[in-house]
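Since the structure comes first, as structure tokens, the remarks are kept for the end.
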Amino acid sequence: MKKTLEISVGICAATGLVLVGLWWNGILYDWITPPNNVIIWSYGFHPPDIAVKKGSTVIWENLDPVPHKIQSGKPENSTKLFESGLMYERDKFQHTFNDVGTYEYYCVPHPLMKARIVVLP
Ligand SMILES: [Cu+2]
């Protein structure tokens, strides 16, 4: 009986650690973020790659205590199609995609943060 309890507690603790790890690394957000939404967390866009239908509005929300700024294109070649302005914690930004295509974007203060939106017909 004591052994069973110890094993149960161990399994719960291990599951908890795994969940905290997934959350901390943003992987949980990759899974649970609703369609057409992107969460900014731990210096990353989650999910980093989404597909939406033409005419969709994509909403970004910054959950980091650090300000981020979304800019379309690549750090070496920004397209100025959309630009968020500095987003503080809990700030949201949205953009409507009316043309089919692949839209890369990045964070201006942290150019290693890169992601993309694929707009389907
Ligand atoms: Cu950033």
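Residue numbers start at 1 in each chain; chains themselves are named A, B, ... in the order of the structure tokens; ligands are numbered from 1 in the order shown.
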Next on the checklist: Which residues are near ligand 1 - at most 7 Å, using only C-alpha atoms and all ligand atoms? Format: as a VMD selection string.
Outcome noted: chain A and resid 43 67 to 69 107 to 110 113
Checklist entry - Any idea what's packed within 12 Å of Phe93 of chain A, counting only C-alpha atoms, ignoring anything in its chain fewer than 2 positions away? Could you give it as number ranges by chain? => result A: 37-40, 57-62, 68-71, 82-91, 95-96
Next on the checklist: Which residue is closest to Glu76 of chain A? Choose from A:Pro111, A:Gly21, A:Gly10, A:Pro35 and count only C-alpha atoms.
Outcome noted: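 Among A:Pro111, A:Gly21, A:Gly10, A:Pro35, it is A:Pro111 that comes nearest to Glu76 of chain A.
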Checklist entry - With only C-alpha atoms as the atoms that count, which of A:Pro121, A:Gly73, A:Gly16, A:Gly55 lies nearest to Phe97 of chain A? => result A:Gly55
Checklist entry - Which residue gives the smallest distance to Asn25 of chain A among A:His46, A:Cys12, A:Asn77, A:Lys3, with only C-alpha atoms counted? => result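 Residue with the minimum atom-to-atom distance to Asn25 of chain A: A:His46.
Considering the residues A:Arg116, A:Lys80, A:Thr4, A:Pro75 and counting only C-alpha atoms, Pro48 of chain A has its shortest atom-to-atom contact with A:Arg116.
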Next on the checklist: Report, in Å with one decimal, the straight-line distance from atom CA of Tyr29 of chain A to atom CA of Val9 of chain A.
Outcome noted: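 That distance, rounded to one decimal, is 26.2 Å.
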Checklist entry - Any idea what's packed within 12 Å of Ile27 of chain A, counting only C-alpha atoms, ignoring anything in its chain fewer than 3 positions away? Could you give it as a list in words? => result Val18, Leu19, Val20, Gly21, Leu22, Trp23, Trp24, Asp30, Trp31, Ile32, Thr33, Ile39, Ile40, Trp41, Ser42, Gly44, Phe45, His46, Pro47 and Pro48 of chain A
How about saving the chosen residues, N, CA and C atoms kept, as a short mmCIF file (atom, residue, chain, number, x, y, z; two decimals), in the first residue's frame?
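File produced: again37.cif:
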data_model
loop_
_atom_site.label_atom_id
_atom_site.label_comp_id
_atom_site.auth_asym_id
_atom_site.auth_seq_id
_atom_site.Cartn_x
_atom_site.Cartn_y
_atom_site.Cartn_z
N VAL A 18 7.07 17.56 -16.09
CA VAL A 18 7.01 17.56 -17.55
C VAL A 18 6.14 18.72 -18.04
N LEU A 19 4.97 18.90 -17.39
CA LEU A 19 4.06 19.99 -17.78
C LEU A 19 4.71 21.36 -17.58
N VAL A 20 5.39 21.53 -16.45
CA VAL A 20 6.08 22.80 -16.19
C VAL A 20 7.15 23.03 -17.26
N GLY A 21 7.86 21.97 -17.61
CA GLY A 21 8.90 22.07 -18.64
C GLY A 21 8.31 22.46 -19.99
N LEU A 22 7.18 21.83 -20.35
CA LEU A 22 6.53 22.13 -21.63
C LEU A 22 6.02 23.57 -21.65
N TRP A 23 5.48 24.00 -20.51
CA TRP A 23 4.99 25.38 -20.41
C TRP A 23 6.17 26.35 -20.49
N TRP A 24 7.21 26.08 -19.72
CA TRP A 24 8.35 27.00 -19.65
C TRP A 24 8.99 27.18 -21.01
N ASP A 30 2.38 26.03 -27.97
CA ASP A 30 2.31 25.55 -29.36
C ASP A 30 1.07 24.68 -29.54
N TRP A 31 0.72 23.94 -28.49
CA TRP A 31 -0.40 22.99 -28.57
C TRP A 31 -1.75 23.62 -28.28
N ILE A 32 -1.80 24.52 -27.27
CA ILE A 32 -3.12 24.97 -26.79
C ILE A 32 -3.56 26.32 -27.34
N THR A 33 -2.68 27.05 -28.03
CA THR A 33 -3.07 28.35 -28.57
C THR A 33 -4.15 28.17 -29.62
N ILE A 39 0.96 33.23 -29.43
CA ILE A 39 1.38 33.69 -28.11
C ILE A 39 2.88 33.97 -28.16
N ILE A 40 3.26 35.11 -27.61
CA ILE A 40 4.68 35.43 -27.49
C ILE A 40 5.09 35.08 -26.07
N TRP A 41 6.02 34.17 -25.97
CA TRP A 41 6.39 33.66 -24.66
C TRP A 41 7.83 33.21 -24.68
N SER A 42 8.56 33.56 -23.62
CA SER A 42 9.93 33.10 -23.46
C SER A 42 10.76 33.33 -24.73
N GLY A 44 9.85 33.68 -27.80
CA GLY A 44 9.50 32.88 -28.96
C GLY A 44 8.05 33.13 -29.37
N PHE A 45 7.73 32.84 -30.63
CA PHE A 45 6.36 32.90 -31.13
C PHE A 45 5.79 31.49 -31.08
N HIS A 46 4.61 31.34 -30.48
CA HIS A 46 4.01 30.01 -30.33
C HIS A 46 2.57 29.99 -30.83
N PRO A 47 2.22 29.12 -31.80
CA PRO A 47 3.17 28.29 -32.56
C PRO A 47 3.98 29.16 -33.53
N PRO A 48 5.17 28.70 -33.89
CA PRO A 48 6.03 29.50 -34.75
C PRO A 48 5.59 29.50 -36.22
#
